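S.K.: Structure file query.txt, compact mmCIF, N, CA and C atoms, is pasted below:
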```
# COMPACT_ATOMS: atom_id res chain seq x y z
N MET P 1 -15.33 33.97 0.49
CA MET P 1 -16.42 33.52 1.32
C MET P 1 -16.84 32.11 0.90
N THR P 2 -17.04 31.26 1.86
CA THR P 2 -17.41 29.88 1.61
C THR P 2 -18.91 29.76 1.40
N SER P 3 -19.29 29.02 0.36
CA SER P 3 -20.70 28.71 0.13
C SER P 3 -21.10 27.56 1.04
N ASN P 4 -22.38 27.27 1.06
CA ASN P 4 -22.88 26.17 1.88
C ASN P 4 -24.06 25.54 1.14
N SER P 5 -23.84 25.15 -0.12
CA SER P 5 -24.92 24.69 -0.99
C SER P 5 -25.71 23.52 -0.43
N PHE P 6 -25.06 22.67 0.37
CA PHE P 6 -25.71 21.46 0.86
C PHE P 6 -26.05 21.53 2.34
N LYS P 7 -25.95 22.71 2.92
CA LYS P 7 -26.26 22.92 4.35
C LYS P 7 -25.47 21.97 5.25
N ALA P 8 -24.21 21.78 4.91
CA ALA P 8 -23.35 20.87 5.67
C ALA P 8 -22.54 21.59 6.74
N ARG P 9 -22.50 22.93 6.69
CA ARG P 9 -21.77 23.68 7.71
C ARG P 9 -22.55 23.56 9.02
N THR P 10 -21.87 23.11 10.06
CA THR P 10 -22.51 22.77 11.32
C THR P 10 -21.74 23.42 12.46
N LYS P 11 -22.45 23.78 13.51
CA LYS P 11 -21.83 24.36 14.71
C LYS P 11 -21.79 23.31 15.81
N LEU P 12 -20.72 23.36 16.57
CA LEU P 12 -20.56 22.51 17.74
C LEU P 12 -20.09 23.41 18.87
N ARG P 13 -20.78 23.35 20.01
CA ARG P 13 -20.42 24.19 21.15
C ARG P 13 -19.55 23.37 22.10
N VAL P 14 -18.34 23.88 22.36
CA VAL P 14 -17.39 23.21 23.24
C VAL P 14 -16.86 24.24 24.23
N ASP P 15 -17.03 23.97 25.50
CA ASP P 15 -16.55 24.87 26.55
C ASP P 15 -16.99 26.31 26.31
N GLY P 16 -18.24 26.50 25.92
CA GLY P 16 -18.79 27.83 25.71
C GLY P 16 -18.36 28.51 24.42
N LYS P 17 -17.65 27.79 23.57
CA LYS P 17 -17.17 28.37 22.31
C LYS P 17 -17.81 27.62 21.15
N ASP P 18 -18.33 28.37 20.16
CA ASP P 18 -18.90 27.76 18.97
C ASP P 18 -17.80 27.44 17.97
N LEU P 19 -17.75 26.18 17.54
CA LEU P 19 -16.81 25.74 16.53
C LEU P 19 -17.60 25.36 15.28
N THR P 20 -17.02 25.57 14.12
CA THR P 20 -17.67 25.25 12.86
C THR P 20 -16.97 24.07 12.22
N TYR P 21 -17.76 23.14 11.70
CA TYR P 21 -17.21 22.04 10.91
C TYR P 21 -18.19 21.70 9.80
N TRP P 22 -17.73 20.94 8.83
CA TRP P 22 -18.56 20.56 7.68
C TRP P 22 -18.89 19.09 7.82
N SER P 23 -20.18 18.80 7.96
CA SER P 23 -20.67 17.49 8.33
C SER P 23 -20.98 16.62 7.12
N LEU P 24 -20.30 15.49 7.01
CA LEU P 24 -20.62 14.53 5.96
C LEU P 24 -21.98 13.88 6.19
N PRO P 25 -22.39 13.57 7.44
CA PRO P 25 -23.75 13.07 7.63
C PRO P 25 -24.82 14.07 7.17
N ALA P 26 -24.57 15.37 7.33
CA ALA P 26 -25.53 16.37 6.83
C ALA P 26 -25.59 16.33 5.31
N LEU P 27 -24.46 16.10 4.66
CA LEU P 27 -24.45 15.96 3.21
C LEU P 27 -25.22 14.71 2.79
N GLN P 28 -25.06 13.66 3.55
CA GLN P 28 -25.82 12.43 3.27
C GLN P 28 -27.32 12.70 3.43
N ASP P 29 -27.70 13.45 4.45
CA ASP P 29 -29.11 13.82 4.65
C ASP P 29 -29.64 14.68 3.51
N ALA P 30 -28.74 15.36 2.80
CA ALA P 30 -29.14 16.20 1.66
C ALA P 30 -29.36 15.39 0.40
N GLY P 31 -29.27 14.05 0.51
CA GLY P 31 -29.60 13.21 -0.63
C GLY P 31 -28.47 12.40 -1.22
N PHE P 32 -27.30 12.45 -0.62
CA PHE P 32 -26.16 11.67 -1.11
C PHE P 32 -26.00 10.43 -0.23
N ALA P 33 -26.74 9.40 -0.56
CA ALA P 33 -26.89 8.23 0.31
C ALA P 33 -25.62 7.40 0.48
N GLY P 34 -24.71 7.44 -0.46
CA GLY P 34 -23.56 6.54 -0.42
C GLY P 34 -22.32 7.06 0.25
N ILE P 35 -22.40 8.18 0.92
CA ILE P 35 -21.19 8.79 1.49
C ILE P 35 -20.51 7.89 2.51
N SER P 36 -21.27 7.22 3.34
CA SER P 36 -20.66 6.36 4.36
C SER P 36 -19.93 5.17 3.74
N ARG P 37 -20.19 4.87 2.47
CA ARG P 37 -19.52 3.76 1.79
C ARG P 37 -18.35 4.21 0.92
N LEU P 38 -18.12 5.51 0.84
CA LEU P 38 -16.98 6.01 0.07
C LEU P 38 -15.67 5.61 0.75
N PRO P 39 -14.61 5.41 -0.02
CA PRO P 39 -13.30 5.20 0.60
C PRO P 39 -12.95 6.39 1.50
N PHE P 40 -12.25 6.11 2.59
CA PHE P 40 -11.92 7.16 3.55
C PHE P 40 -11.22 8.33 2.89
N SER P 41 -10.29 8.05 1.98
CA SER P 41 -9.55 9.14 1.32
C SER P 41 -10.49 10.07 0.56
N LEU P 42 -11.53 9.52 -0.06
CA LEU P 42 -12.49 10.38 -0.77
C LEU P 42 -13.35 11.18 0.20
N ARG P 43 -13.63 10.62 1.37
CA ARG P 43 -14.38 11.39 2.38
C ARG P 43 -13.57 12.58 2.88
N VAL P 44 -12.25 12.39 3.01
CA VAL P 44 -11.38 13.52 3.39
C VAL P 44 -11.42 14.59 2.31
N LEU P 45 -11.31 14.18 1.03
CA LEU P 45 -11.39 15.14 -0.07
C LEU P 45 -12.75 15.82 -0.12
N LEU P 46 -13.80 15.08 0.16
CA LEU P 46 -15.15 15.63 0.14
C LEU P 46 -15.33 16.70 1.21
N GLU P 47 -14.85 16.43 2.42
CA GLU P 47 -14.92 17.44 3.48
C GLU P 47 -14.14 18.68 3.09
N ASN P 48 -12.98 18.49 2.46
CA ASN P 48 -12.17 19.61 2.01
C ASN P 48 -12.93 20.45 0.99
N LEU P 49 -13.61 19.79 0.05
CA LEU P 49 -14.39 20.52 -0.95
C LEU P 49 -15.54 21.28 -0.30
N LEU P 50 -16.23 20.67 0.65
CA LEU P 50 -17.32 21.36 1.35
C LEU P 50 -16.80 22.62 2.04
N ARG P 51 -15.66 22.48 2.71
CA ARG P 51 -15.09 23.60 3.46
C ARG P 51 -14.66 24.75 2.56
N LEU P 52 -14.24 24.41 1.33
CA LEU P 52 -13.68 25.43 0.44
C LEU P 52 -14.59 25.83 -0.71
N GLU P 53 -15.83 25.32 -0.73
CA GLU P 53 -16.74 25.66 -1.83
C GLU P 53 -16.93 27.18 -1.90
N ASP P 54 -16.60 27.75 -3.05
CA ASP P 54 -16.71 29.20 -3.22
C ASP P 54 -17.38 29.59 -4.53
N GLY P 55 -17.76 28.61 -5.34
CA GLY P 55 -18.40 28.92 -6.62
C GLY P 55 -17.42 29.29 -7.72
N ARG P 56 -16.12 29.31 -7.41
CA ARG P 56 -15.10 29.62 -8.42
C ARG P 56 -14.10 28.48 -8.55
N SER P 57 -13.29 28.26 -7.53
CA SER P 57 -12.31 27.18 -7.61
C SER P 57 -12.89 25.85 -7.14
N VAL P 58 -13.88 25.90 -6.28
CA VAL P 58 -14.61 24.70 -5.86
C VAL P 58 -16.08 24.94 -6.12
N LEU P 59 -16.63 24.14 -7.02
CA LEU P 59 -18.02 24.29 -7.44
C LEU P 59 -18.92 23.26 -6.76
N LYS P 60 -20.20 23.57 -6.73
CA LYS P 60 -21.20 22.63 -6.23
C LYS P 60 -21.08 21.29 -6.97
N GLU P 61 -20.83 21.36 -8.27
CA GLU P 61 -20.71 20.15 -9.09
C GLU P 61 -19.50 19.30 -8.69
N ASP P 62 -18.43 19.94 -8.22
CA ASP P 62 -17.27 19.19 -7.74
C ASP P 62 -17.66 18.32 -6.55
N ILE P 63 -18.43 18.90 -5.64
CA ILE P 63 -18.89 18.17 -4.46
C ILE P 63 -19.80 17.03 -4.88
N GLU P 64 -20.72 17.30 -5.80
CA GLU P 64 -21.63 16.26 -6.29
C GLU P 64 -20.86 15.12 -6.94
N ASN P 65 -19.83 15.45 -7.74
CA ASN P 65 -19.04 14.42 -8.42
C ASN P 65 -18.37 13.48 -7.42
N VAL P 66 -17.79 14.03 -6.37
CA VAL P 66 -17.11 13.19 -5.38
C VAL P 66 -18.14 12.44 -4.53
N ALA P 67 -19.22 13.11 -4.12
CA ALA P 67 -20.23 12.47 -3.29
C ALA P 67 -20.91 11.30 -4.01
N ASN P 68 -21.02 11.38 -5.32
CA ASN P 68 -21.67 10.32 -6.12
C ASN P 68 -20.66 9.39 -6.78
N TRP P 69 -19.41 9.40 -6.34
CA TRP P 69 -18.34 8.66 -6.99
C TRP P 69 -18.62 7.17 -7.06
N LYS P 70 -18.29 6.60 -8.21
CA LYS P 70 -18.31 5.15 -8.44
C LYS P 70 -16.95 4.79 -9.04
N PRO P 71 -16.43 3.60 -8.74
CA PRO P 71 -15.10 3.24 -9.25
C PRO P 71 -14.98 3.31 -10.77
N SER P 72 -16.08 3.11 -11.48
CA SER P 72 -16.03 3.11 -12.94
C SER P 72 -16.22 4.49 -13.56
N ASP P 73 -16.47 5.51 -12.73
CA ASP P 73 -16.72 6.86 -13.24
C ASP P 73 -15.46 7.48 -13.85
N ALA P 74 -15.70 8.50 -14.68
CA ALA P 74 -14.60 9.34 -15.16
C ALA P 74 -13.96 10.00 -13.94
N ARG P 75 -12.74 10.42 -14.09
CA ARG P 75 -12.02 11.01 -12.96
C ARG P 75 -11.69 12.46 -13.23
N PRO P 76 -12.66 13.34 -12.99
CA PRO P 76 -12.40 14.76 -13.25
C PRO P 76 -11.41 15.32 -12.23
N GLU P 77 -10.74 16.37 -12.63
CA GLU P 77 -9.81 17.05 -11.74
C GLU P 77 -10.62 17.79 -10.67
N ILE P 78 -10.14 17.74 -9.43
CA ILE P 78 -10.78 18.49 -8.35
C ILE P 78 -9.74 19.31 -7.62
N ASN P 79 -10.19 20.34 -6.95
CA ASN P 79 -9.33 21.21 -6.17
C ASN P 79 -9.06 20.54 -4.82
N PHE P 80 -7.83 20.61 -4.35
CA PHE P 80 -7.51 20.17 -2.99
C PHE P 80 -6.58 21.19 -2.38
N THR P 81 -6.99 21.77 -1.29
CA THR P 81 -6.18 22.73 -0.55
C THR P 81 -6.10 22.25 0.89
N PRO P 82 -4.94 21.77 1.31
CA PRO P 82 -4.84 21.27 2.68
C PRO P 82 -5.02 22.39 3.69
N ALA P 83 -5.55 22.03 4.85
CA ALA P 83 -5.72 23.01 5.93
C ALA P 83 -4.39 23.32 6.60
N ARG P 84 -3.48 22.36 6.55
CA ARG P 84 -2.14 22.56 7.08
C ARG P 84 -1.22 21.54 6.44
N VAL P 85 0.07 21.76 6.56
CA VAL P 85 1.07 20.86 5.99
C VAL P 85 1.96 20.37 7.13
N LEU P 86 2.21 19.09 7.16
CA LEU P 86 3.08 18.49 8.16
C LEU P 86 4.34 18.00 7.45
N LEU P 87 5.48 18.53 7.86
CA LEU P 87 6.76 18.16 7.24
C LEU P 87 7.64 17.47 8.27
N GLU P 88 8.25 16.38 7.86
CA GLU P 88 9.25 15.76 8.71
C GLU P 88 10.58 16.46 8.47
N ASP P 89 11.55 16.20 9.32
CA ASP P 89 12.81 16.94 9.23
C ASP P 89 13.53 16.73 7.90
N PHE P 90 13.43 15.55 7.30
CA PHE P 90 14.15 15.26 6.06
C PHE P 90 13.73 16.20 4.92
N THR P 91 12.44 16.51 4.84
CA THR P 91 11.95 17.43 3.80
C THR P 91 11.72 18.83 4.34
N GLY P 92 11.44 18.94 5.61
CA GLY P 92 11.08 20.23 6.19
C GLY P 92 12.25 21.17 6.38
N VAL P 93 13.39 20.63 6.81
CA VAL P 93 14.56 21.50 7.04
C VAL P 93 15.00 22.16 5.74
N PRO P 94 15.12 21.43 4.62
CA PRO P 94 15.46 22.12 3.36
C PRO P 94 14.42 23.17 2.96
N ALA P 95 13.16 22.91 3.24
CA ALA P 95 12.11 23.89 2.91
C ALA P 95 12.29 25.16 3.74
N VAL P 96 12.62 25.01 5.03
CA VAL P 96 12.85 26.18 5.89
C VAL P 96 14.08 26.95 5.41
N VAL P 97 15.12 26.24 5.02
CA VAL P 97 16.33 26.89 4.50
C VAL P 97 15.99 27.66 3.22
N ASP P 98 15.20 27.05 2.33
CA ASP P 98 14.79 27.74 1.10
C ASP P 98 14.00 29.01 1.41
N LEU P 99 13.07 28.93 2.36
CA LEU P 99 12.30 30.12 2.73
C LEU P 99 13.21 31.21 3.30
N ALA P 100 14.15 30.82 4.16
CA ALA P 100 15.08 31.79 4.73
C ALA P 100 15.93 32.44 3.65
N SER P 101 16.39 31.64 2.68
CA SER P 101 17.20 32.18 1.58
C SER P 101 16.39 33.16 0.73
N MET P 102 15.14 32.81 0.45
CA MET P 102 14.29 33.72 -0.33
C MET P 102 14.03 35.01 0.43
N ARG P 103 13.83 34.90 1.74
CA ARG P 103 13.61 36.11 2.55
C ARG P 103 14.85 37.00 2.52
N ASP P 104 16.04 36.39 2.65
CA ASP P 104 17.29 37.16 2.58
C ASP P 104 17.43 37.85 1.23
N ALA P 105 17.12 37.15 0.15
CA ALA P 105 17.24 37.73 -1.19
C ALA P 105 16.27 38.89 -1.38
N ILE P 106 15.05 38.74 -0.89
CA ILE P 106 14.06 39.83 -0.99
C ILE P 106 14.52 41.04 -0.18
N ALA P 107 15.03 40.79 1.03
CA ALA P 107 15.51 41.89 1.88
C ALA P 107 16.70 42.60 1.22
N ALA P 108 17.62 41.83 0.63
CA ALA P 108 18.79 42.42 -0.03
C ALA P 108 18.38 43.26 -1.24
N ALA P 109 17.26 42.91 -1.85
CA ALA P 109 16.77 43.67 -3.01
C ALA P 109 15.88 44.84 -2.59
N GLY P 110 15.75 45.04 -1.26
CA GLY P 110 14.96 46.16 -0.76
C GLY P 110 13.49 45.85 -0.58
N GLY P 111 13.12 44.58 -0.70
CA GLY P 111 11.72 44.18 -0.54
C GLY P 111 11.40 43.80 0.89
N ASP P 112 10.16 43.45 1.11
CA ASP P 112 9.68 43.07 2.43
C ASP P 112 9.76 41.55 2.59
N PRO P 113 10.67 41.05 3.42
CA PRO P 113 10.81 39.60 3.59
C PRO P 113 9.58 38.95 4.22
N GLU P 114 8.74 39.73 4.87
CA GLU P 114 7.52 39.19 5.46
C GLU P 114 6.54 38.67 4.40
N LEU P 115 6.78 39.05 3.14
CA LEU P 115 5.91 38.58 2.06
C LEU P 115 6.19 37.13 1.70
N ILE P 116 7.33 36.60 2.15
CA ILE P 116 7.70 35.21 1.85
C ILE P 116 7.27 34.35 3.02
N ASN P 117 6.09 33.78 2.89
CA ASN P 117 5.53 32.90 3.91
C ASN P 117 4.71 31.82 3.24
N PRO P 118 4.60 30.65 3.85
CA PRO P 118 3.72 29.62 3.29
C PRO P 118 2.27 30.11 3.27
N LEU P 119 1.50 29.65 2.29
CA LEU P 119 0.09 30.03 2.21
C LEU P 119 -0.76 29.26 3.21
N GLN P 120 -0.29 28.10 3.63
CA GLN P 120 -1.00 27.28 4.61
C GLN P 120 -0.11 27.11 5.84
N PRO P 121 -0.73 26.92 7.02
CA PRO P 121 0.08 26.65 8.21
C PRO P 121 0.93 25.40 8.01
N VAL P 122 2.16 25.44 8.51
CA VAL P 122 3.09 24.33 8.37
C VAL P 122 3.62 23.95 9.74
N ASP P 123 3.62 22.65 10.02
CA ASP P 123 4.23 22.12 11.24
C ASP P 123 5.46 21.33 10.82
N LEU P 124 6.58 21.60 11.46
CA LEU P 124 7.83 20.90 11.17
C LEU P 124 8.14 19.99 12.35
N VAL P 125 8.27 18.70 12.08
CA VAL P 125 8.57 17.72 13.12
C VAL P 125 10.03 17.32 12.99
N ILE P 126 10.78 17.56 14.06
CA ILE P 126 12.20 17.18 14.09
C ILE P 126 12.29 15.93 14.95
N ASP P 127 12.53 14.79 14.32
CA ASP P 127 12.62 13.55 15.08
C ASP P 127 14.02 12.93 15.05
N HIS P 128 14.97 13.66 14.50
CA HIS P 128 16.37 13.24 14.51
C HIS P 128 17.21 14.45 14.95
N SER P 129 18.44 14.18 15.31
CA SER P 129 19.28 15.32 15.68
C SER P 129 19.59 16.14 14.42
N VAL P 130 19.52 17.43 14.57
CA VAL P 130 19.81 18.35 13.47
C VAL P 130 20.98 19.21 13.89
N GLN P 131 21.99 19.31 13.03
CA GLN P 131 23.14 20.14 13.32
C GLN P 131 23.08 21.39 12.46
N VAL P 132 23.45 22.51 13.05
CA VAL P 132 23.48 23.77 12.34
C VAL P 132 24.92 24.24 12.27
N ASP P 133 25.35 24.60 11.07
CA ASP P 133 26.72 25.10 10.90
C ASP P 133 26.74 26.60 11.08
```
Is it possible to give me this structure as structure tokens?
M.R.:
Amino acid sequence: MTSNSFKARTKLRVDGKDLTYWSLPALQDAGFAGISRLPFSLRVLLENLLRLEDGRSVLKEDIENVANWKPSDARPEINFTPARVLLEDFTGVPAVVDLASMRDAIAAAGGDPELINPLQPVDLVIDHSVQVD
């Protein structure tokens, strides 16, 4: 279950459907004045931390550390879990082959091949011709 320590979880109604997102302006309203001046990459990480705050792997303090970041600060380790992974054909095709091989090995050993799946959604982009033998 996701925490919402900074009341940044926000609803947006689109075509009669409620969507949830984590608002950086709401975090700024909660007292973190410098968020709009953070590098874009840190704002992406900050939104990710807000979305995944659970009190175990992502702590309130992790969010505070990134929201208050200064270039001269210490650089503590933070959790990053992407919402999805985008693979191009050069790296993605070998990954799909590896997954298929692992599924075959699990099935041959009498296991359930459905257990071999990525933990995050993955999109594979094929932008070159791919040949299958």
S.K.: Apply DSSP to the structure's backbone, then extract all residues of stretch 5-88 of chain P labelled strand (DSSP E or B) and return them as a list in words.
M.R.: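 Everything in stretch 5-88 of chain P that counts as strand (DSSP E or B) is Arg9, Thr10, Lys11, Leu12, Arg13, Val14, Lys17, Asp18, Leu19, Thr20, Tyr21, Trp22, Val85, Leu86, Leu87 and Glu88 of chain P.
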S.K.: Hey, can you check how far atom CA of P:Ala8 sits from atom N of P:Leu50?
M.R.: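 Spanning atom CA of P:Ala8 to atom N of P:Leu50 is a straight-line distance of 8.7 Å.
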S.K.: Figure out the distance between atom CA of P:Ile126 and atom CA of P:Arg43, please, to one decimal in Å.
M.R.: 29.6 Å
S.K.: For P:Glu88, list every protein, DNA or RNA residue within 12 Å, evaluated using only C-alpha atoms, and leave out those in the same chain fewer than 6 positions away; present the list as a PyMOL selection string.
M.R.: chain P and resi 94-96+122-128+130
S.K.: Using only C-alpha atoms, which protein or nucleic acid residues come within 12 Å of P:Ser101? Drop anything in the same chain fewer than 6 positions from it, and give the result as a ChimeraX atom specification.
M.R.: /P:94-95,107-108,113,116-117
S.K.: Could you take the residues named above and write them with N, CA and C atoms, as a short mmCIF file (atom, residue, chain, number, x, y, z; two decimals), in the frame of the given file?
M.R.:
```cif
data_model
loop_
_atom_site.label_atom_id
_atom_site.label_comp_id
_atom_site.auth_asym_id
_atom_site.auth_seq_id
_atom_site.Cartn_x
_atom_site.Cartn_y
_atom_site.Cartn_z
N PRO P 94 15.12 21.43 4.62
CA PRO P 94 15.46 22.12 3.36
C PRO P 94 14.42 23.17 2.96
N ALA P 95 13.16 22.91 3.24
CA ALA P 95 12.11 23.89 2.91
C ALA P 95 12.29 25.16 3.74
N ALA P 107 15.03 40.79 1.03
CA ALA P 107 15.51 41.89 1.88
C ALA P 107 16.70 42.60 1.22
N ALA P 108 17.62 41.83 0.63
CA ALA P 108 18.79 42.42 -0.03
C ALA P 108 18.38 43.26 -1.24
N PRO P 113 10.67 41.05 3.42
CA PRO P 113 10.81 39.60 3.59
C PRO P 113 9.58 38.95 4.22
N ILE P 116 7.33 36.60 2.15
CA ILE P 116 7.70 35.21 1.85
C ILE P 116 7.27 34.35 3.02
N ASN P 117 6.09 33.78 2.89
CA ASN P 117 5.53 32.90 3.91
C ASN P 117 4.71 31.82 3.24
#
```
S.K.: Excluding P:Phe32 and any residue of its chain fewer than 5 positions from it, enumerate the residues within 8 Å of it, using only N, CA and C atoms, and give them as a ChimeraX atom specification.
M.R.: /P:26-27,67-68
S.K.: Those same residues, written as a short mmCIF file (atom, residue, chain, number, x, y, z; two decimals), in the coordinates of the input with N, CA and C atoms?
M.R.:
```
data_model
loop_
_atom_site.label_atom_id
_atom_site.label_comp_id
_atom_site.auth_asym_id
_atom_site.auth_seq_id
_atom_site.Cartn_x
_atom_site.Cartn_y
_atom_site.Cartn_z
N ALA P 26 -24.57 15.37 7.33
CA ALA P 26 -25.53 16.37 6.83
C ALA P 26 -25.59 16.33 5.31
N LEU P 27 -24.46 16.10 4.66
CA LEU P 27 -24.45 15.96 3.21
C LEU P 27 -25.22 14.71 2.79
N ALA P 67 -19.22 13.11 -4.12
CA ALA P 67 -20.23 12.47 -3.29
C ALA P 67 -20.91 11.30 -4.01
N ASN P 68 -21.02 11.38 -5.32
CA ASN P 68 -21.67 10.32 -6.12
C ASN P 68 -20.66 9.39 -6.78
#
```
S.K.: Could you give me, as a list in words, the residues that have an atom at most 8 Å away from the point (-21.3, 25.7, 1.0) in the coordinates of the file, using only N, CA and C atoms?
M.R.: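 Residues found, by chain and rising number: Met1, Thr2, Ser3, Asn4, Ser5, Phe6, Lys7, Ala8, Arg9, Leu49, Leu50, Arg51, Leu52, Glu53, Asp54, Gly55 and Lys60 of chain P.
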S.K.: Hey, which of P:Leu99, P:Ser23, P:Ala33, P:Leu46 ends up closest to P:Ile63? Count all atoms listed in the file.
M.R.: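 Selected residue with least distance to P:Ile63: P:Leu46.
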S.K.: Can you tell me how far atom CA of P:Asp112 sits from atom C of P:Gly92, in Å to one decimal?
M.R.: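 Between atom CA of P:Asp112 and atom C of P:Gly92 the gap is 22.4 Å.
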S.K.: Need the axis-aligned box for stretch 45-58 of chain P with 8 Å each side, so what are the centre and edges in Å to one decimal, as JSON?
M.R.:
```
{"center_x": -14.9, "center_y": 21.9, "center_z": -2.5, "size_x": 23.1, "size_y": 31.4, "size_z": 28.0}
```
